[in-house]
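**Student:** Handing you this structure, nothing more for now.
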Amino acid sequence: MTELPLNISFTGKTVVVTGAGGVLCGAMAKAFAQAGAKVAALDLNQESVEKLAEEAAGEGLLCKGYKANVLDEDEIEEVHQKVLEDFGPCDILINGAGGNSPRATTDNEYHHERKEGQTTFFDLDPKGVDFVFRLNFQGTLLPTQAFAKEMAQRNSGCILNVSSMNAYVPLTKIPAYSGAKAAVSNFTQWLATHFAGTGIRCNAIAPGFLVSNQNRSLLFQEDGSPTPRSSKILAGTPMGRFVEGEELLGAVFFLCDERAASAVTGVVLPVDAGYSAYSGV
Ligand SMILES: NC(=O)c1ccc[n+]([C@@H]2O[C@H](COP(=O)([O-])OP(=O)(O)OC[C@H]3O[C@@H](n4cnc5c(N)ncnc54)[C@H](O)[C@@H]3O)[C@@H](O)[C@H]2O)c1
């Protein structure tokens, strides 16, 4: 069991988490279940959400896995109907599915430093760029169209999107992911305004730099010392350290609690050890 950061009960609430087969949103899904919610864990990868549901069941928690591609409207609608039958209308939607693609990533930070054979800006694959925009933006919009319907009818509910540091100022090498997450932050404000009169709140978190199994080798040398990229990140982070996955949970719980955050809508809350506040000087 995770040590929960805030003593908030989500008992009786139906929480839908997309991308729940992944590291961060899997932890969010479990934390909500631990706080009493009925959790629908959605992911493209059925195996990963079934494993999560099994683990949760082993701990006596209510969490069910569903295979759902956030870009497939028909599949989302099918899962929406299943969740309605299993748990009732969605109270809290976490739009966590997202990510980047190597096809939309340059090899170098600066074009003038390119070396023979590297992928430059001019080699980026338009289909890769399209994939990243669709996954992050449409992948947030389409599940919201399905799961916020009952929220609008019931005049209550909460949507939480997952943005990123690169939404504020783009990070080198990943123009599509940066632009797509900027669109997610922008859409968060749009939804908050659009639904303001219905009692639905919409916010986002912007996680800072985390160490994961996928990026560990980019951030640390074999002897455990930081790589040049990682040294730059830490130099740009006032707290001088990476963010731990569990440190997102306090922000998530706060934004999703209808009493604690009753007047909070349209914000993108950085959980970044100060990274977005610091100009570097
Ligand atoms: N890890 C970080 O450092 C970091 C930082 C900032 C923001 N984020 C964002 O946080 C969210 C979760 O990131 P993570 O690090 O846990 O990533 P992850 O890769 O571990 O999880 C992402 C999950 O999304 C699922 N997914 C991908 N495409 C999908 C689709 N079409 N339909 C449904 N599910 C799909 C994947 O199967 C995976 O389980 C993402 O939106 C990511 O962009 C991550």
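Labels for the structure tokens follow display order: chains A, B, ..., residues from 1 in each chain, ligands from 1.
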Within 6 Å of ligand 1, counting only C-alpha atoms and all ligand atoms, which protein or nucleic acid residues do you find, written as a PyMOL selection string?
**Tutor:** chain A and resi 19-25+43-45+68-71+96-99+135+162-164+207-210
**Student:** Please produce a file of the residues just selected, as a short mmCIF file (atom, residue, chain, number, x, y, z; two decimals), in the first residue's frame, where the atoms kept are N, CA, C and O atoms.
**Tutor:**
data_model
loop_
_atom_site.label_atom_id
_atom_site.label_comp_id
_atom_site.auth_asym_id
_atom_site.auth_seq_id
_atom_site.Cartn_x
_atom_site.Cartn_y
_atom_site.Cartn_z
N GLY A 19 -4.52 5.60 -19.60
CA GLY A 19 -3.06 5.42 -19.48
C GLY A 19 -2.69 4.75 -18.17
O GLY A 19 -1.54 4.82 -17.73
N ALA A 20 -3.66 4.07 -17.57
CA ALA A 20 -3.45 3.49 -16.23
C ALA A 20 -2.52 2.28 -16.27
O ALA A 20 -2.12 1.78 -15.22
N GLY A 21 -2.19 1.81 -17.47
CA GLY A 21 -1.22 0.73 -17.57
C GLY A 21 0.20 1.25 -17.39
O GLY A 21 1.14 0.47 -17.28
N GLY A 22 0.37 2.56 -17.41
CA GLY A 22 1.70 3.15 -17.31
C GLY A 22 2.12 3.40 -15.87
O GLY A 22 1.35 3.15 -14.93
N VAL A 23 3.33 3.93 -15.74
CA VAL A 23 3.92 4.10 -14.42
C VAL A 23 3.14 5.09 -13.57
O VAL A 23 2.63 4.77 -12.49
N LEU A 24 3.02 6.33 -14.07
CA LEU A 24 2.45 7.39 -13.24
C LEU A 24 0.95 7.20 -13.01
O LEU A 24 0.45 7.35 -11.90
N CYS A 25 0.24 6.88 -14.09
CA CYS A 25 -1.23 6.80 -13.95
C CYS A 25 -1.67 5.51 -13.29
O CYS A 25 -2.74 5.46 -12.67
N ASP A 43 -6.41 1.36 -20.63
CA ASP A 43 -5.14 1.46 -21.35
C ASP A 43 -5.23 0.69 -22.65
O ASP A 43 -6.01 -0.25 -22.80
N LEU A 44 -4.40 1.12 -23.60
CA LEU A 44 -4.26 0.41 -24.87
C LEU A 44 -3.73 -1.00 -24.59
O LEU A 44 -4.08 -1.95 -25.28
N ASN A 45 -2.88 -1.09 -23.59
CA ASN A 45 -2.24 -2.35 -23.22
C ASN A 45 -3.10 -3.06 -22.16
O ASN A 45 -3.04 -2.75 -20.98
N ALA A 68 -8.69 0.04 -23.78
CA ALA A 68 -9.29 1.19 -24.48
C ALA A 68 -8.21 2.02 -25.15
O ALA A 68 -7.26 2.47 -24.51
N ASN A 69 -8.38 2.21 -26.44
CA ASN A 69 -7.51 3.12 -27.18
C ASN A 69 -8.16 4.50 -27.14
O ASN A 69 -9.27 4.68 -27.66
N VAL A 70 -7.47 5.47 -26.55
CA VAL A 70 -8.08 6.80 -26.39
C VAL A 70 -8.29 7.52 -27.73
O VAL A 70 -8.88 8.60 -27.76
N LEU A 71 -7.81 6.92 -28.82
CA LEU A 71 -8.00 7.54 -30.14
C LEU A 71 -9.11 6.86 -30.92
O LEU A 71 -9.38 7.24 -32.07
N GLY A 96 -4.72 10.54 -18.59
CA GLY A 96 -3.28 10.32 -18.40
C GLY A 96 -2.55 9.76 -19.60
O GLY A 96 -1.32 9.87 -19.69
N ALA A 97 -3.27 9.15 -20.54
CA ALA A 97 -2.59 8.53 -21.69
C ALA A 97 -1.88 9.63 -22.48
O ALA A 97 -2.46 10.67 -22.77
N GLY A 98 -0.63 9.40 -22.82
CA GLY A 98 0.11 10.39 -23.57
C GLY A 98 1.53 9.92 -23.76
O GLY A 98 1.92 8.87 -23.25
N GLY A 99 2.29 10.68 -24.53
CA GLY A 99 3.69 10.31 -24.72
C GLY A 99 4.27 10.90 -25.99
O GLY A 99 3.59 11.62 -26.72
N LEU A 135 -2.18 11.64 -30.08
CA LEU A 135 -2.18 10.91 -28.81
C LEU A 135 -2.42 11.85 -27.63
O LEU A 135 -3.25 11.58 -26.76
N VAL A 162 -3.12 15.67 -17.98
CA VAL A 162 -1.70 15.58 -17.62
C VAL A 162 -0.88 16.34 -18.68
O VAL A 162 -0.78 15.91 -19.83
N SER A 163 -0.37 17.48 -18.26
CA SER A 163 0.47 18.29 -19.14
C SER A 163 1.94 17.98 -18.85
O SER A 163 2.25 16.85 -18.44
N SER A 164 2.81 18.94 -19.02
CA SER A 164 4.24 18.66 -18.84
C SER A 164 5.00 19.97 -18.75
O SER A 164 4.49 21.03 -19.13
N PRO A 207 3.81 17.48 -14.50
CA PRO A 207 4.92 16.84 -13.79
C PRO A 207 6.26 17.38 -14.28
O PRO A 207 6.43 17.68 -15.46
N GLY A 208 7.20 17.51 -13.37
CA GLY A 208 8.55 17.91 -13.74
C GLY A 208 9.34 16.70 -14.20
O GLY A 208 8.79 15.77 -14.77
N PHE A 209 10.62 16.68 -13.89
CA PHE A 209 11.48 15.60 -14.37
C PHE A 209 11.52 14.46 -13.37
O PHE A 209 11.86 14.65 -12.20
N LEU A 210 11.12 13.30 -13.86
CA LEU A 210 11.11 12.09 -13.03
C LEU A 210 12.11 11.10 -13.60
O LEU A 210 12.34 11.09 -14.82
#
**Student:** Fewer than 6 positions away in the same chain doesn't count, so skip those; otherwise give me all residues within 8 Å of Lys13 of chain A, counting only C-alpha atoms, as a list in words.
**Tutor:**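 So the residues in contact are Gly36, Ala37, Lys38, Cys90, Asp91 and Ile92 of chain A.
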**Student:** Would you compute the distance between atom CA of Arg103 of chain A and atom CA of Pro175 of chain A? Give it in Å to one decimal.
**Tutor:**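 For atom CA of Arg103 of chain A relative to atom CA of Pro175 of chain A, the distance reads 11.1 Å.
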**Student:** Could you tell me how far atom CA of Gly65 of chain A lies from atom CA of Ala148 of chain A, in Å and to one decimal?
**Tutor:**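 Value for the atom CA of Gly65 of chain A-atom CA of Ala148 of chain A distance: 19.5 Å.
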**Student:** Can you work out the spacing between atom CA of Val15 of chain A and atom CA of Ala263 of chain A in Å, to one decimal?
**Tutor:**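 A separation of 20.1 Å between them.
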**Student:** Enumerate as a ChimeraX atom specification all residues of segment 84-207 of chain A assigned to strand (DSSP E or B) by DSSP on the backbone, naming them with the chain letters and numbers the document uses.
**Tutor:** /A:92-95,157-162,200-207
**Student:** Which is closer to Lys82 of chain A than all the others in A:Ala146, A:Val243, A:Phe122, A:Asp223, using only C-alpha atoms?
**Tutor:**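 Nearest to Lys82 of chain A: A:Ala146.
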**Student:** Using only C-alpha atoms, which protein or nucleic acid residues come within 12 Å of Trp190 of chain A? Drop anything in the same chain fewer than 6 positions from it, and give the result as a ChimeraX atom specification.
**Tutor:** /A:141,183-184,196,201-204,265-267
**Student:** Any chance you can output those residues with C-alpha atoms as a compact mmCIF listing (two decimals), in the first residue's frame?
**Tutor:**
# COMPACT_ATOMS: atom_id res chain seq x y z
CA LEU A 141 -10.48 15.32 -25.94
CA ALA A 183 -2.25 22.26 -26.42
CA VAL A 184 -3.28 20.10 -23.45
CA ALA A 196 -17.87 26.39 -15.57
CA ARG A 201 -14.05 21.58 -12.85
CA CYS A 202 -11.10 20.93 -15.16
CA ASN A 203 -7.47 21.24 -14.16
CA ALA A 204 -4.12 19.71 -15.07
CA THR A 265 -10.65 25.30 -12.19
CA GLY A 266 -8.50 25.97 -15.26
CA VAL A 267 -5.15 25.72 -13.50
